[in-house]
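Chemist: Take this structure, written in structure tokens, and hold onto it; I'll ask about it next.
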Amino acid sequence: MSTLTATPETPEAAPKAPARPAYRVTGRRVLASEWAKLWSLRSTWITLGLGLLFLVAFGVIAASHYKSNLDSGRHMDRDFATATAVSLSLFGTNFAQLALGVLGVLVTAGEYSTGMIRSTLAAVPRRLPVLWSKAAVYGLVALVVATVGAFVAFLVGSRIVSGTPAAMGLGHAGVVRSLLGAGLYLGLVGVIGAALGALLRSVAGGISVLVAALMLVPGLVSLLPTSWQGDIDPYLPSHAGESIFALTHDSTTLSPSAGLLVFLGWTALALAGAAYRLLRSDV
């Protein structure tokens with residue numbers, strides 16, 4: 001009678017389970033995720049296009065208006081009479097800041113309104129890298145778009161006002177600094193918008209606070225006693241930002257470096273508030 005003997009399987013003969021890749025949350029991957037989310041939204045393309053259009057179109061319109069009034073001999077108000085090619089070309093900055101700031105609010109508050117923020121924070125439990133990545137990615141995009149728009153507006157506007165008292169070229173002192181300053185200012189406005197969206201977690205609330213800070217508060221300050229206005233006006237976000245790209249300055253305005261420091265302070269304050277709420281509050 002024969003017996004069957006089973007030979008034990010050697011470890012080498014046992015089937016090996018496929019190794020699963022180990023995924024780690026890194027800063028570069030969070031940045032890549034936010035970059036992909038930003039460009040997947042139709043509103044990104046539309047609002048960035050509007051910001052670029054406002055910056056270039058209003059700059060060209062202002063330069064054309066100046067040239068037309070000068071050629072026809074019509075009386076020009078004081079602002080246009082002392083205008084330069086830089087100030088005319090950057091006339092659309094106030095309109096572009098609304099478009100870029102509103103998109104910044106949508107970048108963060110939009111995820112709260114759709115509930116997608118839960119998935120985002122589940123993938124990145126430490127939370128703060130999400131805020132830094134959103135602010136950095138959108139701030140860089142807004143900076144590039146605004147800088148390109150400022151240079152295009154100036155190149156077109158300077159050709160329109162060529163041969164007039166406002167004529168200037170890129171080689172004139174302070175011109176390149178002003179154009180780069182305008183791009184930097186608008187990029188930081190986008191970061192503030194993103195911070196307000198994360199702080200308030202509401203698209204309507206974030207846009208309302210942004211518009212109030214940039215456009216309504218300066219008007220309210222003008223109602224204060226004159227002795228107070230000189231101490232407050234230069235440090236408001238909009239006025240400090242304007243001093244970054246203004247070609248000339250006087251005793252009532254900050255220097256470009258001081259204006260940049262003040263505006264960076266406002267940006268840091270908004271980001272700090274957003275970071276505090278992100279860490280302390282549930283989503």
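If you're wondering about the labels, chains in the structure tokens are A, B, ... by order shown, residues count from 1 in each chain, ligands from 1 in order shown.
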For stretch 265-274 of chain A, list every protein, DNA or RNA residue within 6 Å, evaluated using only C-alpha atoms, and leave out those in the same chain fewer than 5 positions away; present the list as an MDAnalysis selection string.
Modeler: chainID A and resid 192 195 198:199
Chemist: For N, CA and C atoms, I'd like the residues from the last selection saved as a short mmCIF file (atom, residue, chain, number, x, y, z; two decimals), in the first residue's frame.
Modeler:
data_model
loop_
_atom_site.label_atom_id
_atom_site.label_comp_id
_atom_site.auth_asym_id
_atom_site.auth_seq_id
_atom_site.Cartn_x
_atom_site.Cartn_y
_atom_site.Cartn_z
N ILE A 192 -5.63 87.89 -0.49
CA ILE A 192 -6.57 88.37 0.54
C ILE A 192 -7.97 87.82 0.28
N ALA A 195 -8.05 84.30 1.45
CA ALA A 195 -8.06 84.25 2.92
C ALA A 195 -9.44 84.61 3.47
N ALA A 198 -11.79 81.67 3.10
CA ALA A 198 -11.56 80.63 4.11
C ALA A 198 -11.99 81.08 5.49
N LEU A 199 -11.86 82.38 5.76
CA LEU A 199 -12.23 82.90 7.08
C LEU A 199 -13.75 82.93 7.27
#
Chemist: Sorted by chain and rising residue number, which residues of stretch 90-133 of chain A lie within 12 Å of stretch 82-86 of chain A, and what are their closest atom pairs and distances in Å to one decimal, counting only C-alpha atoms, as CSV?
Modeler:
residue,atom,partner,partner_atom,distance
A:Leu90,CA,A:Val86,CA,6.1
A:Phe91,CA,A:Val86,CA,8.6
A:Gly92,CA,A:Val86,CA,11.3
A:Thr93,CA,A:Val86,CA,11.4
Chemist: Counting only C-alpha atoms, which of A:Leu279, A:Ile117, A:Leu179, A:Val137 gets nearest to A:Glu242?
Modeler: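 The shortest atom-to-atom distance to A:Glu242 comes from A:Leu179.
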Chemist: Need to verify the contact set: A:Ala258, 12 Å, only C-alpha atoms, exclusion of same-chain residues closer than 5 positions in sequence. Can you return it as a ChimeraX atom specification?
Modeler: /A:234-235,239-245,249,253,263-265
Chemist: Show which residues sit within 12 Å of A:Arg28, as a PDB file with N, CA and C atoms, in the first residue's frame. Count only C-alpha atoms, and ignore same-chain residues fewer than 6 positions away.
Modeler:
ATOM      1  N   GLU A  34      -4.195  71.480  -5.669  1.00  0.00           N
ATOM      2  CA  GLU A  34      -4.864  72.780  -5.738  1.00  0.00           C
ATOM      3  C   GLU A  34      -4.737  73.394  -7.128  1.00  0.00           C
ATOM      4  N   TRP A  35      -3.608  73.161  -7.777  1.00  0.00           N
ATOM      5  CA  TRP A  35      -3.434  73.646  -9.155  1.00  0.00           C
ATOM      6  C   TRP A  35      -4.454  72.999 -10.082  1.00  0.00           C
ATOM      7  N   PRO A 129      -1.715  73.158   5.374  1.00  0.00           N
ATOM      8  CA  PRO A 129      -1.141  73.108   4.015  1.00  0.00           C
ATOM      9  C   PRO A 129      -2.153  73.377   2.919  1.00  0.00           C
ATOM     10  N   VAL A 130      -3.431  73.069   3.176  1.00  0.00           N
ATOM     11  CA  VAL A 130      -4.464  73.361   2.171  1.00  0.00           C
ATOM     12  C   VAL A 130      -4.591  74.872   1.977  1.00  0.00           C
ATOM     13  N   TRP A 132      -2.351  77.279   2.766  1.00  0.00           N
ATOM     14  CA  TRP A 132      -1.139  77.849   2.168  1.00  0.00           C
ATOM     15  C   TRP A 132      -1.064  77.543   0.681  1.00  0.00           C
ATOM     16  N   SER A 133      -1.449  76.324   0.301  1.00  0.00           N
ATOM     17  CA  SER A 133      -1.362  75.943  -1.111  1.00  0.00           C
ATOM     18  C   SER A 133      -2.365  76.706  -1.958  1.00  0.00           C
ATOM     19  N   ALA A 136      -1.051  80.281  -2.244  1.00  0.00           N
ATOM     20  CA  ALA A 136       0.156  80.375  -3.067  1.00  0.00           C
ATOM     21  C   ALA A 136      -0.158  80.160  -4.544  1.00  0.00           C
ATOM     22  N   VAL A 137      -0.956  79.136  -4.846  1.00  0.00           N
ATOM     23  CA  VAL A 137      -1.265  78.827  -6.243  1.00  0.00           C
ATOM     24  C   VAL A 137      -2.053  79.967  -6.885  1.00  0.00           C
TER      25      VAL A 137
END
Chemist: In Å, with one decimal, what is the gap from atom CA of A:Val102 to atom CA of A:Leu278?
Modeler: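 Those two atoms sit 20.1 Å apart.
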Chemist: Between atom CA of A:Val148 and atom CA of A:Gly163, what is the spacing in Å?
Modeler: 24.7 Å
Chemist: For A:Leu214, which residue among A:Leu236, A:Ala99, A:Leu131, A:Ala36 is the nearest when counting only C-alpha atoms?
Modeler: A:Leu236
Chemist: Using only C-alpha atoms, which protein or nucleic acid residues come within 12 Å of A:Val221? Drop anything in the same chain fewer than 5 positions from it, and give the result as a ChimeraX atom specification.
Modeler: /A:212-213,215-216,226-236,239
Chemist: In stretch 72-264 of chain A, what's helix (DSSP H, G or I) per DSSP? Answer as a PyMOL selection string?
Modeler: chain A and resi 72+78-81+85-114+116-123+128-160+175-200+203-221+226-235+237-245+256-264
Chemist: Any idea what's packed within 10 Å of stretch 67-72 of chain A, counting only C-alpha atoms, ignoring anything in its chain fewer than 2 positions away? Could you give it as a count of residues only?
Modeler: 18
Chemist: Using only C-alpha atoms, find the one residue out of A:Val107, A:Ala123, A:Ala142, A:Leu88 that sits nearest to A:Arg24.
Modeler: A:Ala123
Chemist: Excluding A:Val156 and residues on its chain fewer than 3 positions from it, collect all residues at most 9 Å away from it, counting only C-alpha atoms, and give them as a PyMOL selection string.
Modeler: chain A and resi 56+59-60+63+89+151-153+159-160
Chemist: For the residues in that selection, give me N, CA and C atoms as a JSON list (two decimals), in the first residue's frame.
Modeler:
[["chain", "number", "residue", "atom", "x", "y", "z"],
["A", 56, "VAL", "N", -6.57, 95.91, -19.22],
["A", 56, "VAL", "CA", -6.11, 96.40, -20.52],
["A", 56, "VAL", "C", -7.11, 97.37, -21.13],
["A", 59, "GLY", "N", -7.39, 100.77, -19.34],
["A", 59, "GLY", "CA", -6.16, 101.53, -19.56],
["A", 59, "GLY", "C", -6.12, 102.15, -20.94],
["A", 60, "VAL", "N", -6.54, 101.39, -21.95],
["A", 60, "VAL", "CA", -6.56, 101.90, -23.32],
["A", 60, "VAL", "C", -7.62, 102.99, -23.46],
["A", 63, "ALA", "N", -6.28, 106.22, -21.89],
["A", 63, "ALA", "CA", -5.27, 106.85, -22.75],
["A", 63, "ALA", "C", -5.92, 107.50, -23.97],
["A", 89, "SER", "N", -2.42, 104.02, -18.12],
["A", 89, "SER", "CA", -2.44, 102.60, -18.45],
["A", 89, "SER", "C", -2.94, 101.75, -17.29],
["A", 151, "PHE", "N", 1.67, 95.33, -18.33],
["A", 151, "PHE", "CA", 2.64, 95.65, -19.38],
["A", 151, "PHE", "C", 1.95, 95.82, -20.73],
["A", 152, "VAL", "N", 0.95, 94.98, -21.02],
["A", 152, "VAL", "CA", 0.23, 95.13, -22.29],
["A", 152, "VAL", "C", -0.50, 96.48, -22.33],
["A", 153, "ALA", "N", -1.16, 96.82, -21.22],
["A", 153, "ALA", "CA", -1.88, 98.09, -21.17],
["A", 153, "ALA", "C", -0.93, 99.26, -21.35],
["A", 159, "ARG", "N", 1.73, 104.08, -26.73],
["A", 159, "ARG", "CA", 1.70, 104.40, -28.17],
["A", 159, "ARG", "C", 0.59, 105.41, -28.47],
["A", 160, "ILE", "N", -0.53, 105.29, -27.74],
["A", 160, "ILE", "CA", -1.64, 106.21, -27.98],
["A", 160, "ILE", "C", -1.27, 107.63, -27.57]]
Chemist: In terms of the shortest atom-to-atom distance over only C-alpha atoms, which of A:Leu52, A:Leu103, A:Lys37, A:Tyr112 is closest to A:Leu200?
Modeler: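 Of A:Leu52, A:Leu103, A:Lys37, A:Tyr112, the one nearest A:Leu200, counting only C-alpha atoms, is A:Tyr112.
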Chemist: What does the structure give for the distance between atom CA of A:Ser113 and atom CA of A:Arg201, in Å to one decimal?
Modeler: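 These two atoms are separated by 7.7 Å.
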Chemist: Nearest to A:Pro256: which of A:Ser222, A:Ser178, A:Thr114, A:Ser202 is it, counting only C-alpha atoms?
Modeler: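 Closest to A:Pro256, using only C-alpha atoms: A:Ser178.
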